[in-house]
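J.: This is target.tsv, which holds TSV, C-alpha atoms:
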chain	number	residue	atom	x	y	z
A	255	MET	CA	76.80	24.69	108.34
A	256	GLU	CA	78.35	25.42	104.97
A	257	GLY	CA	76.23	25.00	101.83
A	258	PRO	CA	77.34	23.32	98.59
A	259	ALA	CA	80.38	24.77	96.80
A	260	ASN	CA	79.68	27.33	94.07
A	261	THR	CA	80.73	25.41	90.98
A	262	LEU	CA	78.27	26.86	88.45
A	263	THR	CA	81.05	28.01	86.08
A	264	TYR	CA	82.27	24.42	85.76
A	265	LEU	CA	78.73	23.17	85.08
A	266	ILE	CA	78.34	25.74	82.28
A	267	ALA	CA	81.75	24.76	80.86
A	268	GLY	CA	80.74	21.09	80.99
A	269	PHE	CA	77.50	21.68	79.10
A	270	ALA	CA	79.29	23.92	76.58
A	271	VAL	CA	81.70	21.04	75.86
A	272	ILE	CA	78.90	18.43	75.61
A	273	PHE	CA	76.73	20.40	73.19
A	274	GLY	CA	79.70	22.04	71.43
A	275	ILE	CA	81.29	18.70	70.47
A	276	MET	CA	77.91	17.23	69.46
A	277	LEU	CA	77.24	20.28	67.27
A	278	ILE	CA	80.67	20.05	65.62
A	279	TYR	CA	80.02	16.37	64.85
A	280	LEU	CA	76.58	17.13	63.39
A	281	VAL	CA	78.01	19.91	61.21
A	282	SER	CA	80.76	17.51	60.06
A	283	LEU	CA	78.12	14.89	59.13
A	284	LEU	CA	76.04	17.45	57.19
A	285	SER	CA	79.11	18.81	55.41
A	286	ARG	CA	80.23	15.30	54.38
A	287	TRP	CA	76.69	14.52	53.14
A	288	ASN	CA	76.73	17.67	50.99
A	289	ASN	CA	80.15	16.80	49.56
A	290	LEU	CA	78.96	13.28	48.73
A	291	ARG	CA	75.87	14.66	46.97
A	292	LYS	CA	78.07	16.97	44.88
A	293	ASP	CA	80.37	14.04	44.02
A	294	ALA	CA	77.35	11.95	43.03
A	295	GLU	CA	76.12	14.65	40.64
A	296	LEU	CA	79.57	14.96	39.11
A	297	LEU	CA	79.91	11.22	38.68
A	298	LYS	CA	76.47	11.01	37.06
A	299	GLU	CA	77.51	13.67	34.53
A	300	LEU	CA	80.74	11.80	33.78
A	301	GLU	CA	78.79	8.56	33.38
A	302	LYS	CA	76.43	10.23	30.89
A	303	LYS	CA	79.37	11.58	28.85
A	304	GLU	CA	80.89	8.12	28.66
B	178	MET	CA	70.70	7.36	47.51
B	179	THR	CA	67.21	6.52	48.73
B	180	ALA	CA	65.18	9.06	50.72
B	181	GLN	CA	65.45	9.08	54.50
B	182	PRO	CA	63.15	6.39	55.99
B	183	THR	CA	60.15	7.67	57.97
B	184	THR	CA	61.26	5.65	61.01
B	185	LEU	CA	64.61	7.46	61.00
B	186	LYS	CA	62.87	10.84	60.72
B	187	ILE	CA	60.63	9.98	63.69
B	188	LEU	CA	63.62	8.64	65.64
B	189	THR	CA	65.54	11.87	65.00
B	190	VAL	CA	62.66	13.98	66.35
B	191	VAL	CA	62.27	11.68	69.38
B	192	THR	CA	66.03	11.95	70.04
B	193	VAL	CA	65.95	15.77	70.00
B	194	LEU	CA	62.95	15.81	72.35
B	195	MET	CA	64.56	13.30	74.71
B	196	LEU	CA	67.83	15.28	74.76
B	197	ALA	CA	65.92	18.46	75.61
B	198	ALA	CA	63.97	16.63	78.34
B	199	ALA	CA	67.14	15.08	79.79
B	200	THR	CA	68.85	18.49	79.88
B	201	LEU	CA	65.87	20.00	81.69
B	202	MET	CA	65.80	17.07	84.13
B	203	VAL	CA	69.50	17.55	84.92
B	204	ILE	CA	69.11	21.30	85.45
B	205	LEU	CA	65.69	21.55	87.11
B	206	TYR	CA	64.67	18.12	88.46
B	207	ALA	CA	67.87	16.56	89.82
B	208	PRO	CA	68.65	17.92	93.30
B	209	LEU	CA	71.82	19.84	94.08
B	210	GLU	CA	74.50	17.62	95.59
B	211	ALA	CA	75.31	18.73	99.14
B	212	VAL	CA	79.11	19.07	98.84
B	213	MET	CA	80.07	19.42	95.16
B	214	GLY	CA	77.27	21.80	94.18
B	215	GLN	CA	76.27	22.41	90.54
B	216	VAL	CA	79.26	20.72	88.91
B	217	GLN	CA	77.99	17.31	90.09
B	218	LYS	CA	75.24	17.67	87.45
B	219	VAL	CA	77.90	17.12	84.76
B	220	PHE	CA	77.99	13.53	86.02
B	221	TYR	CA	74.69	12.55	84.29
B	222	PHE	CA	75.93	13.29	80.76
B	223	HIS	CA	79.56	12.41	81.59
B	224	VAL	CA	78.64	8.79	82.42
B	225	ALA	CA	76.06	8.63	79.60
B	226	SER	CA	78.75	9.79	77.13
B	227	GLY	CA	81.19	7.16	78.40
B	228	TRP	CA	78.48	4.51	78.02
B	229	THR	CA	77.70	5.67	74.45
B	230	GLY	CA	81.40	5.73	73.55
B	231	MET	CA	81.89	2.17	74.76
B	232	LEU	CA	78.69	1.12	72.96
B	233	GLY	CA	80.17	2.48	69.73
B	234	PHE	CA	83.38	0.50	70.22
B	235	PHE	CA	81.34	-2.61	71.04
B	236	VAL	CA	79.36	-2.22	67.81
B	237	ALA	CA	82.68	-1.94	65.91
B	238	PHE	CA	83.95	-5.08	67.67
B	239	VAL	CA	80.84	-7.09	66.71
B	240	ALA	CA	80.86	-5.65	63.16
B	241	GLY	CA	84.53	-6.66	62.87
B	242	ILE	CA	83.77	-10.27	63.78
B	243	VAL	CA	80.78	-10.42	61.42
B	244	TYR	CA	82.83	-8.87	58.60
B	245	LEU	CA	85.58	-11.47	58.96
B	246	ILE	CA	82.95	-14.22	58.75
B	247	THR	CA	80.74	-12.84	55.96
B	248	HIS	CA	83.09	-10.44	54.05
B	249	LYS	CA	80.12	-8.16	53.45
B	250	ARG	CA	81.15	-4.50	53.08
B	251	ILE	CA	78.17	-3.28	55.08
B	252	TRP	CA	79.83	-4.57	58.26
B	253	ASP	CA	82.91	-2.48	57.56
B	254	ILE	CA	80.63	0.56	57.20
B	255	VAL	CA	78.93	-0.32	60.51
B	256	GLY	CA	82.34	-0.70	62.18
B	257	VAL	CA	83.61	2.70	61.05
B	258	ALA	CA	80.33	4.31	62.11
B	259	GLY	CA	80.62	2.73	65.57
B	260	VAL	CA	84.22	3.87	66.05
B	261	GLU	CA	83.55	7.40	64.84
B	262	ILE	CA	80.56	7.93	67.14
B	263	GLY	CA	82.40	6.18	69.99
B	264	LEU	CA	85.30	8.58	69.63
B	265	VAL	CA	83.04	11.64	69.74
B	266	PHE	CA	81.31	10.55	72.93
B	267	MET	CA	84.45	9.30	74.63
B	268	LEU	CA	86.02	12.70	73.96
B	269	ILE	CA	83.01	14.36	75.63
B	270	CYS	CA	83.39	11.95	78.56
B	271	ILE	CA	87.11	12.69	79.02
B	272	ILE	CA	86.77	16.49	78.78
B	273	THR	CA	83.71	16.70	81.06
B	274	GLY	CA	85.52	14.48	83.55
B	275	SER	CA	88.42	16.89	83.53
B	276	ILE	CA	86.08	19.85	84.10
B	277	TRP	CA	84.46	18.03	87.03
B	278	ALA	CA	87.89	17.13	88.45
B	279	ARG	CA	89.11	20.75	88.63
B	280	PRO	CA	86.96	21.86	91.59
B	281	ILE	CA	86.66	18.38	93.17
B	282	TRP	CA	90.22	17.00	92.87
B	283	ASN	CA	91.79	20.44	92.56
B	284	THR	CA	93.44	19.47	89.28
B	285	TRP	CA	92.38	19.29	85.63
B	286	TRP	CA	94.20	16.02	85.11
B	287	THR	CA	95.92	13.20	86.97
B	288	TRP	CA	97.31	9.92	85.65
B	289	ASP	CA	94.79	7.86	87.58
B	290	PRO	CA	94.10	4.32	86.18
B	291	ARG	CA	90.64	5.27	84.85
B	292	LEU	CA	91.81	8.49	83.19
B	293	THR	CA	94.86	6.76	81.75
B	294	THR	CA	92.98	3.76	80.34
B	295	ALA	CA	90.24	6.01	78.92
B	296	THR	CA	92.87	8.15	77.17
B	297	ILE	CA	94.64	5.08	75.78
B	298	MET	CA	91.30	3.76	74.51
B	299	GLU	CA	90.54	7.08	72.79
B	300	LEU	CA	93.98	7.12	71.15
B	301	VAL	CA	93.68	3.47	70.05
B	302	TYR	CA	90.47	4.25	68.18
B	303	ALA	CA	91.73	7.59	66.82
B	304	ALA	CA	94.63	5.60	65.34
B	305	TYR	CA	92.08	3.20	63.79
B	306	LEU	CA	90.59	6.02	61.73
B	307	MET	CA	94.00	7.45	60.79
B	308	LEU	CA	95.51	4.10	59.78
B	309	ARG	CA	92.49	3.23	57.64
B	310	GLN	CA	93.19	6.31	55.54
B	311	GLY	CA	96.52	4.78	54.54
B	312	VAL	CA	94.99	1.65	52.96
B	313	GLU	CA	93.75	2.23	49.40
B	314	ASP	CA	92.22	-1.15	48.56
B	315	PRO	CA	88.67	-1.26	50.09
B	316	ASP	CA	88.77	-4.99	50.88
B	317	ARG	CA	92.17	-4.81	52.56
B	318	ARG	CA	91.03	-1.70	54.43
B	319	ALA	CA	87.92	-3.48	55.65
B	320	ARG	CA	89.90	-6.56	56.72
B	321	PHE	CA	92.45	-4.43	58.52
B	322	GLY	CA	89.66	-2.41	60.17
B	323	ALA	CA	87.88	-5.54	61.36
B	324	VAL	CA	91.00	-7.06	62.94
B	325	TYR	CA	91.97	-3.72	64.50
B	326	ALA	CA	88.46	-3.18	65.95
B	327	ILE	CA	88.53	-6.66	67.52
B	328	ILE	CA	92.00	-6.25	69.07
B	329	GLY	CA	91.35	-2.60	70.02
B	330	PHE	CA	88.27	-3.65	71.94
B	331	LEU	CA	90.54	-5.07	74.65
B	332	SER	CA	90.95	-1.47	75.82
B	333	VAL	CA	87.20	-1.18	76.55
B	334	PRO	CA	86.79	-3.72	79.39
B	335	LEU	CA	90.17	-2.57	80.71
B	336	THR	CA	88.83	0.98	80.96
B	337	PHE	CA	85.46	-0.10	82.34
B	338	PHE	CA	86.89	-2.29	85.08
B	339	SER	CA	89.93	-0.12	85.88
B	340	ILE	CA	88.10	1.62	88.74
B	341	ARG	CA	87.06	-1.74	90.15
B	342	ILE	CA	90.44	-3.48	89.77
B	343	PHE	CA	93.02	-0.80	90.55
B	344	ARG	CA	93.43	1.57	93.45
B	345	THR	CA	91.96	4.80	92.11
B	346	ILE	CA	90.59	8.16	93.14
B	347	HIS	CA	87.87	7.97	90.48
B	348	PRO	CA	84.46	7.41	92.13
B	349	VAL	CA	82.44	4.25	91.45
B	350	VAL	CA	78.90	5.55	91.65
B	351	ILE	CA	77.18	2.28	90.80
B	352	GLY	CA	77.96	-0.70	93.00
B	353	GLY	CA	79.94	1.14	95.68
B	354	GLY	CA	83.60	1.84	95.47
B	355	ASP	CA	87.01	2.52	96.87
B	356	SER	CA	87.05	4.52	100.06
B	357	ASP	CA	89.98	6.48	98.57
B	358	ALA	CA	87.75	7.80	95.77
B	359	THR	CA	87.29	11.57	95.95
B	360	GLY	CA	83.91	12.90	94.82
B	361	SER	CA	81.77	9.86	95.63
B	362	PHE	CA	78.13	10.46	96.48
B	363	ASP	CA	74.99	8.46	97.17
B	364	MET	CA	72.26	8.95	94.61
B	365	THR	CA	68.80	10.01	95.77
B	366	ALA	CA	65.71	8.69	93.95
B	367	LYS	CA	65.50	11.84	91.80
B	368	MET	CA	69.21	11.61	90.93
B	369	LEU	CA	68.79	7.96	89.94
B	370	GLN	CA	65.77	8.76	87.76
B	371	THR	CA	67.69	11.55	86.01
B	372	PHE	CA	70.70	9.29	85.57
B	373	MET	CA	68.64	6.43	84.06
B	374	PHE	CA	66.80	8.83	81.74
B	375	SER	CA	70.13	10.33	80.61
B	376	LEU	CA	71.48	6.85	79.86
B	377	ALA	CA	68.33	6.00	77.87
B	378	THR	CA	68.52	9.32	75.99
B	379	PHE	CA	72.17	8.84	75.01
B	380	SER	CA	71.44	5.26	73.95
B	381	VAL	CA	68.66	6.49	71.63
B	382	LEU	CA	70.97	9.28	70.42
B	383	PHE	CA	73.59	6.64	69.63
B	384	VAL	CA	71.14	4.55	67.58
B	385	THR	CA	69.99	7.62	65.65
B	386	LEU	CA	73.53	8.81	64.89
B	387	LEU	CA	74.63	5.28	63.99
B	388	TRP	CA	71.76	4.91	61.53
B	389	HIS	CA	72.54	8.30	59.90
B	390	ARG	CA	76.26	7.48	59.76
B	391	ILE	CA	75.66	4.03	58.23
B	392	ARG	CA	73.44	5.58	55.54
B	393	MET	CA	76.22	8.04	54.76
B	394	GLY	CA	78.80	5.23	54.69
B	395	LYS	CA	76.68	3.21	52.26
B	396	PHE	CA	76.30	6.25	49.99
B	397	ALA	CA	80.07	6.89	50.08
B	398	ASP	CA	80.69	3.22	49.28
B	399	GLN	CA	78.34	3.36	46.27
B	400	LEU	CA	80.17	6.43	44.97
B	401	GLU	CA	83.57	4.78	45.49
B	402	GLN	CA	82.43	1.79	43.45
B	403	LEU	CA	81.07	4.08	40.72
B	404	LYS	CA	84.37	5.97	40.64
B	405	MET	CA	86.32	2.72	40.27
B	406	LYS	CA	83.96	1.61	37.46
B	407	LEU	CA	84.51	4.90	35.63
B	408	LEU	CA	88.27	4.73	36.09
B	409	ALA	CA	88.47	1.10	34.90
Can you present the structure in this file as structure tokens?

T.:
Amino acid sequence: MEGPANTLTYLIAGFAVIFGIMLIYLVSLLSRWNNLRKDAELLKELEKKE
Amino acid sequence: MTAQPTTLKILTVVTVLMLAAATLMVILYAPLEAVMGQVQKVFYFHVASGWTGMLGFFVAFVAGIVYLITHKRIWDIVGVAGVEIGLVFMLICIITGSIWARPIWNTWWTWDPRLTTATIMELVYAAYLMLRQGVEDPDRRARFGAVYAIIGFLSVPLTFFSIRIFRTIHPVVIGGGDSDATGSFDMTAKMLQTFMFSLATFSVLFVTLLWHRIRMGKFADQLEQLKMKLLA
């Protein structure tokens, strides 16, 4: 009787996609947070000048 | 912006631990499916991602209704957060489905009702984010977003029920399915436990990401209001 098909490569590809996309999203969130913090500092300085 | 709440910090740690545990369960605990082999294990996170994606769109739908009733900006922020997270997870669901399909259906893609409706749903919500960018006035943008999220939600039940309504080759793992479906399998107790834990993990992951994204949205909104005040 034949055993299960060897599909390990596809499993690895699947997990790479799952964690890859999640990582990209997390990096995008962190990057946007940092940009917002920089904007906040700049706006505070402008507010002080006014 | 206020400091991150302790509950959110704890929730983030719990989410990471649960995700690690779910991954280990899928790899080590869930048994190997007799015909499909290792690629079947993609199923646990594929379905969980689809569930999370639809949850995100549902949150946007509810937030849209509440915004139209209350006109409170927070509900617009919740709606955008729901759509954004929904899009990320639906993309994971579509791509992992395609990877699973290659060895099982012998093709990366086919215009099956489930695959077609899922793609339409993804595009509908991608358009939501793009079209929002074109509206400058925050109140008009929020109103537009709310109406769009409510109408766009029609694509969610259509996608969910497509494998139960139409003749399809996509397997229906829960609640039986079409005999034409290729890649169906019966879940053993261990498979079911892994599947339920994956669903719970992705649900917790969704709540954590939603909370983080709402906090960011509120911060961005405060800055936008400050900018407008300075420009006035």

J.: Name the closest residue to chain A among the candidates B:Ala211, B:Ile246, B:Ile271, B:Val333; distances are taken between atoms, counting all atoms listed in the file.

T.: B:Ala211

J.: Can you measure CA of Cys270 in chain B to CA of Met373 in chain B for me? One decimal in Å is fine.

T.: 16.7 Å

J.: Output the contact residues of chain A with respect to chain B at a cut-off of 7 Å, based on all atoms listed in the file, as a list in words.

T.: Gly257, Pro258, Ala259, Asn260, Thr261, Leu262, Tyr264, Leu265, Gly268, Val271, Ile272, Ile275, Trp287, Leu290 and Ala294 of chain A

J.: Figure out the distance between CA of Leu308 in chain B and CA of Asn288 in chain A, please, to one decimal in Å.

T.: 24.8 Å

J.: Using Å and a single decimal, report how far CA of Tyr325 in chain B sits from CA of Phe343 in chain B.

T.: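 These atoms are spaced 26.2 Å apart.
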
J.: Leu292 in chain B: which residues within 10 Å, counting all atoms listed in the file, same-chain residues fewer than 2 positions away excluded, as a list in words?

T.: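 The residues that qualify are Ile271, Gly274, Ser275, Trp286, Thr287, Trp288, Asp289, Pro290, Thr294, Ala295, Thr296, Ile297, Met298, Thr336, Ser339, Ile340, Thr345 and His347 of chain B.
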